[in-house]
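Containing PDB, C-alpha atoms: protein-v2.pdb.
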```pdb
ATOM      1  CA  MET P  17      97.487 108.995  87.397
ATOM      2  CA  SER P  18      97.838 105.650  89.135
ATOM      3  CA  VAL P  19      97.047 102.470  87.275
ATOM      4  CA  ASN P  20      94.597 100.474  89.361
ATOM      5  CA  THR P  21      94.195  96.813  88.435
ATOM      6  CA  THR P  22      91.305  95.804  90.676
ATOM      7  CA  LEU P  23      88.764  98.521  91.406
ATOM      8  CA  ALA P  24      87.133 101.193  89.307
ATOM      9  CA  GLU P  25      88.724 104.600  89.519
ATOM     10  CA  GLU P  26      87.728 107.939  88.096
ATOM     11  CA  LEU P  27      89.102 108.501  84.604
ATOM     12  CA  LEU P  28      87.342 111.837  84.072
ATOM     13  CA  PRO P  29      84.492 113.476  85.945
ATOM     14  CA  GLY P  30      81.456 111.292  85.197
ATOM     15  CA  TYR P  31      83.509 108.338  83.895
ATOM     16  CA  SER P  32      85.363 105.528  85.616
ATOM     17  CA  ILE P  33      87.856 102.991  84.336
ATOM     18  CA  LYS P  34      87.888  99.373  85.450
ATOM     19  CA  ARG P  35      90.234  96.532  84.594
ATOM     20  CA  GLY P  36      88.651  93.829  82.464
ATOM     21  CA  SER P  37      89.299  90.112  82.659
ATOM     22  CA  ILE P  38      89.587  87.086  80.420
ATOM     23  CA  MET P  39      85.831  86.660  80.968
ATOM     24  CA  ASP P  40      85.324  89.810  78.838
ATOM     25  CA  ARG P  41      86.581  88.142  75.633
ATOM     26  CA  ALA P  42      83.204  88.354  73.824
ATOM     27  CA  MET P  43      82.801  91.999  74.781
ATOM     28  CA  LEU P  44      86.308  92.795  73.509
ATOM     29  CA  ILE P  45      85.474  91.156  70.172
ATOM     30  CA  ARG P  46      82.285  93.248  69.944
ATOM     31  CA  PHE P  47      84.249  96.463  70.549
ATOM     32  CA  MET P  48      86.855  95.457  67.966
ATOM     33  CA  HIS P  49      84.061  94.883  65.446
ATOM     34  CA  LEU P  50      82.696  98.345  66.200
ATOM     35  CA  THR P  51      86.008 100.115  65.721
ATOM     36  CA  TYR P  52      86.727  98.450  62.392
ATOM     37  CA  GLN P  53      83.141  98.852  61.163
ATOM     38  CA  ASP P  54      83.518 102.610  61.744
ATOM     39  CA  MET P  55      86.205 102.644  59.062
ATOM     40  CA  PHE P  56      85.053  99.780  56.813
ATOM     41  CA  PRO P  57      81.262  99.427  57.182
ATOM     42  CA  THR P  58      80.762  96.678  54.578
ATOM     43  CA  GLN P  59      83.681  94.439  55.570
ATOM     44  CA  ASP P  60      83.296  91.092  57.379
ATOM     45  CA  PHE P  61      85.329  91.063  60.597
ATOM     46  CA  SER P  62      84.639  87.541  61.840
ATOM     47  CA  HIS P  63      88.405  86.934  61.861
ATOM     48  CA  LEU P  64      88.824  89.307  64.816
ATOM     49  CA  SER P  65      87.841  86.541  67.216
ATOM     50  CA  HIS P  66      91.041  84.732  66.170
ATOM     51  CA  THR P  67      93.074  87.846  66.960
ATOM     52  CA  VAL P  68      91.577  88.048  70.439
ATOM     53  CA  GLU P  69      92.058  84.305  70.965
ATOM     54  CA  GLN P  70      95.726  84.587  70.019
ATOM     55  CA  TYR P  71      96.694  87.786  71.864
ATOM     56  CA  PHE P  72      94.299  88.394  74.776
ATOM     57  CA  SER P  73      95.794  87.243  78.081
ATOM     58  CA  ASP P  74      96.695  88.434  81.560
ATOM     59  CA  ASN P  75      99.802  89.987  79.962
ATOM     60  CA  THR P  76      97.684  92.105  77.600
ATOM     61  CA  PRO P  77      95.429  94.086  79.942
ATOM     62  CA  LEU P  78      92.031  95.436  79.031
ATOM     63  CA  TRP P  79      90.201  98.342  80.645
ATOM     64  CA  TRP P  80      86.572  99.452  80.272
ATOM     65  CA  VAL P  81      85.363 103.031  80.548
ATOM     66  CA  GLU P  82      81.988 103.289  82.225
ATOM     67  CA  GLU P  83      79.708 106.289  82.425
ATOM     68  CA  GLU P  84      78.524 106.962  85.937
ATOM     69  CA  ASP P  85      74.984 105.662  86.319
ATOM     70  CA  LYS P  86      72.653 108.589  85.799
ATOM     71  CA  GLY P  87      69.486 106.571  85.494
ATOM     72  CA  THR P  88      69.906 106.169  81.733
ATOM     73  CA  ARG P  89      70.072 102.379  81.619
ATOM     74  CA  GLY P  90      66.941 100.893  80.129
ATOM     75  CA  GLN P  91      65.811 104.218  78.663
ATOM     76  CA  GLY P  92      66.974 103.750  75.106
ATOM     77  CA  ASN P  93      70.699 104.211  75.758
ATOM     78  CA  LYS P  94      72.200 103.266  72.379
ATOM     79  CA  ASN P  95      75.226 101.493  73.866
ATOM     80  CA  GLU P  96      73.278  99.494  76.431
ATOM     81  CA  ASP P  97      73.270  96.401  74.221
ATOM     82  CA  ILE P  98      77.047  96.693  73.805
ATOM     83  CA  SER P  99      77.785  96.606  77.526
ATOM     84  CA  SER P 100      74.994  94.342  78.713
ATOM     85  CA  ASN P 101      77.190  91.245  78.856
ATOM     86  CA  LEU P 102      80.012  92.809  80.857
ATOM     87  CA  PRO P 103      79.754  90.781  84.062
ATOM     88  CA  HIS P 104      81.081  93.348  86.547
ATOM     89  CA  SER P 105      79.046  96.337  85.424
ATOM     90  CA  SER P 106      75.565  97.748  85.732
ATOM     91  CA  THR P 107      76.595 100.999  84.063
ATOM     92  CA  ALA P 108      77.024 101.887  80.409
ATOM     93  CA  VAL P 109      80.384 100.954  78.890
ATOM     94  CA  VAL P 110      81.413 103.787  76.594
ATOM     95  CA  GLY P 111      84.990 102.896  75.735
ATOM     96  CA  CYS P 112      87.842 100.484  76.081
ATOM     97  CA  LEU P 113      91.611 100.243  76.023
ATOM     98  CA  TRP P 114      93.490  97.019  75.246
ATOM     99  CA  MET P 115      97.251  97.031  75.724
ATOM    100  CA  GLY P 116      99.929  94.615  74.652
ATOM    101  CA  ASN P 117     103.597  94.284  73.851
ATOM    102  CA  ALA P 118     105.703  94.902  70.782
ATOM    103  CA  ILE P 119     109.375  94.728  69.926
ATOM    104  CA  ASP P 120     111.059  97.788  68.455
ATOM    105  CA  GLN P 121     112.567  96.484  65.225
ATOM    106  CA  VAL P 122     115.437  99.013  65.400
ATOM    107  CA  SER P 123     116.517  98.695  69.055
ATOM    108  CA  GLY P 124     115.113  95.258  69.910
ATOM    109  CA  ASP P 125     113.506  96.639  73.088
ATOM    110  CA  ARG P 126     110.094  95.503  74.282
ATOM    111  CA  HIS P 127     107.583  98.312  74.555
ATOM    112  CA  ALA P 128     103.899  98.858  75.188
ATOM    113  CA  HIS P 129     101.556  98.658  72.224
ATOM    114  CA  ILE P 130      97.957  99.822  72.024
ATOM    115  CA  PHE P 131      95.937  97.035  70.421
ATOM    116  CA  LEU P 132      92.626  98.858  70.694
ATOM    117  CA  LEU P 133      91.345 102.209  71.834
ATOM    118  CA  TYR P 134      87.649 102.719  71.185
ATOM    119  CA  VAL P 135      85.092 105.260  72.338
ATOM    120  CA  VAL P 136      81.418 104.819  71.438
ATOM    121  CA  PRO P 137      80.611 107.509  68.811
ATOM    122  CA  GLU P 138      78.083 109.472  70.865
ATOM    123  CA  TYR P 139      80.716 109.827  73.636
ATOM    124  CA  ARG P 140      83.523 111.123  71.436
ATOM    125  CA  ARG P 141      84.994 114.622  71.746
ATOM    126  CA  ARG P 142      84.503 114.571  75.534
ATOM    127  CA  GLY P 143      88.150 113.892  76.441
ATOM    128  CA  ILE P 144      87.733 110.148  76.938
ATOM    129  CA  GLY P 145      90.197 109.207  74.179
ATOM    130  CA  THR P 146      92.816 111.607  75.531
ATOM    131  CA  ALA P 147      92.290 110.299  79.069
ATOM    132  CA  LEU P 148      92.658 106.701  77.826
ATOM    133  CA  MET P 149      95.883 107.570  76.006
ATOM    134  CA  LYS P 150      97.277 109.154  79.175
ATOM    135  CA  TYR P 151      96.191 106.091  81.131
ATOM    136  CA  ALA P 152      98.009 103.853  78.615
ATOM    137  CA  GLU P 153     101.134 105.976  78.939
ATOM    138  CA  ALA P 154     101.011 105.785  82.754
ATOM    139  CA  TRP P 155     100.635 101.989  82.569
ATOM    140  CA  ALA P 156     103.613 101.737  80.194
ATOM    141  CA  LYS P 157     105.809 104.019  82.320
ATOM    142  CA  ASN P 158     104.820 102.105  85.451
ATOM    143  CA  ARG P 159     106.199  98.873  83.993
ATOM    144  CA  GLY P 160     109.377 100.548  82.737
ATOM    145  CA  ASP P 161     108.666 100.953  79.032
ATOM    146  CA  ARG P 162     110.568 103.724  77.265
ATOM    147  CA  GLN P 163     108.055 104.090  74.437
ATOM    148  CA  ILE P 164     104.544 103.192  73.387
ATOM    149  CA  GLY P 165     103.316 102.304  69.911
ATOM    150  CA  LEU P 166     100.088 101.910  68.004
ATOM    151  CA  GLN P 167      98.780 101.409  64.501
ATOM    152  CA  VAL P 168      96.321 103.804  62.880
ATOM    153  CA  PHE P 169      94.732 103.928  59.446
ATOM    154  CA  PRO P 170      95.732 107.024  57.440
ATOM    155  CA  SER P 171      92.063 107.711  56.694
ATOM    156  CA  ASN P 172      91.232 107.957  60.430
ATOM    157  CA  GLN P 173      91.875 111.698  60.654
ATOM    158  CA  ALA P 174      90.293 112.125  64.090
ATOM    159  CA  ALA P 175      92.625 109.519  65.609
ATOM    160  CA  LEU P 176      95.636 110.946  63.782
ATOM    161  CA  ASN P 177      94.835 114.409  65.144
ATOM    162  CA  LEU P 178      94.589 113.041  68.689
ATOM    163  CA  TYR P 179      97.851 111.112  68.458
ATOM    164  CA  ASN P 180      99.709 114.056  66.911
ATOM    165  CA  GLN P 181      98.423 116.395  69.646
ATOM    166  CA  LEU P 182      99.726 113.940  72.252
ATOM    167  CA  GLY P 183     103.214 113.878  70.707
ATOM    168  CA  TYR P 184     103.109 110.630  68.729
ATOM    169  CA  GLN P 185     105.282 110.543  65.633
ATOM    170  CA  THR P 186     105.345 108.299  62.587
ATOM    171  CA  GLN P 187     108.196 105.816  62.863
ATOM    172  CA  SER P 188     107.475 103.725  59.781
ATOM    173  CA  PHE P 189     104.846 103.046  57.152
ATOM    174  CA  TRP P 190     103.165  99.689  56.766
ATOM    175  CA  MET P 191     102.791  99.110  53.031
ATOM    176  CA  LEU P 192     100.714  96.477  51.256
ATOM    177  CA  LYS P 193     100.392  95.374  47.669
ATOM    178  CA  PRO P 194      97.439  93.177  46.667
ATOM    179  CA  LEU P 195      98.691  90.142  44.752
ATOM    180  CA  TYR P 196      95.295  88.994  43.544
ATOM    181  CA  PRO P 197      92.223  90.998  42.594
ATOM    182  CA  LYS P 198      89.313  90.818  45.016
ATOM    183  CA  ALA P 199      86.787  88.178  44.039
TER     184      ALA P 199
END
```

Would you write the structure of this file as structure tokens?
Amino acid sequence: MSVNTTLAEELLPGYSIKRGSIMDRAMLIRFMHLTYQDMFPTQDFSHLSHTVEQYFSDNTPLWWVEEEDKGTRGQGNKNEDISSNLPHSSTAVVGCLWMGNAIDQVSGDRHAHIFLLYVVPEYRRRGIGTALMKYAEAWAKNRGDRQIGLQVFPSNQAALNLYNQLGYQTQSFWMLKPLYPKA
């Protein structure tokens, strides 16, 4: 699979992938909110805008997955309001992939890191997540990375199943200890 940085290309039959731009910052924040709200529905995620502000750049590419226009726009498509402010699209955005860089703490090598992979719930289990992971791997290989990393919550069993099926292995555990009780 080639990694195209300018035009939309087919990701899967019925779905295309298109490179995002810095102009898509608000849309990226909205997708980040959605992915975290899936796991923690009552949490406030206003801080995610700071994450995007700090890490989103031309060196951390973003791709949007669009469903081919089948005349569904404007007919109650649940994700229409999510994708309506994406400037280069008149189709429904059903997923995204945001890549970045990390440093392997054992070897010191730079490698690709998946900041965000999100598929709108009603489009899950159609192969989009797998196709996005393969796209991420092709992008990483294309730039010479020897590995790719990501972070996943242990309670996100669907994501863990996908990553395990694709050959991802646990390298370390991120452990936290609350120092103060929640107010």

Write out, as a Markdown table, each residue of region 127-165 of chain P that has an atom at most 12 Å from region 42-55 of chain P, together with the closest pair of atoms and their distance in Å to one decimal, counting all atoms listed in the file, rows going by chain and rising number.
```
| residue | atom | partner | partner_atom | distance |
| --- | --- | --- | --- | --- |
| P:Phe131 | CA | P:Met48 | CA | 9.5 |
| P:Leu132 | CA | P:Met48 | CA | 7.2 |
| P:Leu133 | CA | P:Thr51 | CA | 8.4 |
| P:Tyr134 | CA | P:Thr51 | CA | 6.3 |
| P:Val135 | CA | P:Thr51 | CA | 8.4 |
| P:Val136 | CA | P:Leu50 | CA | 8.4 |
| P:Pro137 | CA | P:Asp54 | CA | 9.1 |
```

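If all atoms listed in the file are the atoms counted, then among P:Gly116, P:Ile144, P:Gln173, P:Ile38 the closest residue to Glu69 (chain P) is P:Ile38.
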
Review point. At what distance in Å, to one decimal, does CA of His66 (chain P) lie from CA of Leu178 (chain P)?
Key: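 CA of His66 (chain P) lies 28.6 Å from CA of Leu178 (chain P).
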
Check your understanding: Distance CA of Trp155 (chain P)-CA of Leu64 (chain P), one decimal place?
Key -> 24.8 Å

Point to revise | Distance criterion (all atoms listed in the file): nearest to Phe169 (chain P) out of P:Phe56, P:Pro197, P:Arg41, P:Leu78 | key: P:Phe56

**Study point:** Top pick for closest residue to Tyr139 (chain P), considering P:Val68, P:Leu166, P:Val110, P:Ala152 and counting all atoms listed in the file
**Key:**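 Among the listed residues, P:Val110 lies closest to Tyr139 (chain P).
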
Check your understanding: What's the 12 Å shell around Pro170 (chain P), counting all atoms listed in the file, without same-chain residues fewer than 5 positions away, as a list in words?
Key -> Met55, Ala175, Leu176, Asn177, Tyr179, Thr186, Phe189, Trp190 and Met191 of chain P

Point to revise | Atomic distance CA of Ser171 (chain P) - CA of Gly124 (chain P), expressed in Å with one decimal | key: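 Rounded to one decimal, the two atoms are 29.3 Å apart.
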
Practice item. Counting only C-alpha atoms, note down every residue that has an atom within 12 Å of the point (90.5, 110.6, 78.9) (file coordinates), as a ChimeraX atom specification. Key: /P:17,26-33,80-82,110-113,133-135,139-153,178,182

Exercise for review: For Ile164 (chain P), list every protein, DNA or RNA residue within 7 Å, evaluated using all atoms listed in the file, and leave out those in the same chain fewer than 5 positions away; present the list as a list in words.
Suggested key: His127, Ala128 and His129 of chain P

Using the file's own x, y and z axes, so that the box edges lie along x, y and z, what centre and edge lengths in Å (one decimal) does a box around every listed atom of region 177-195 of chain P get when 3 Å is added on each side? Give it as AutoDock Vina command-line options.
```
--center_x 101.4 --center_y 103.3 --center_z 58.5 --size_x 19.6 --size_y 32.3 --size_z 33.5
```
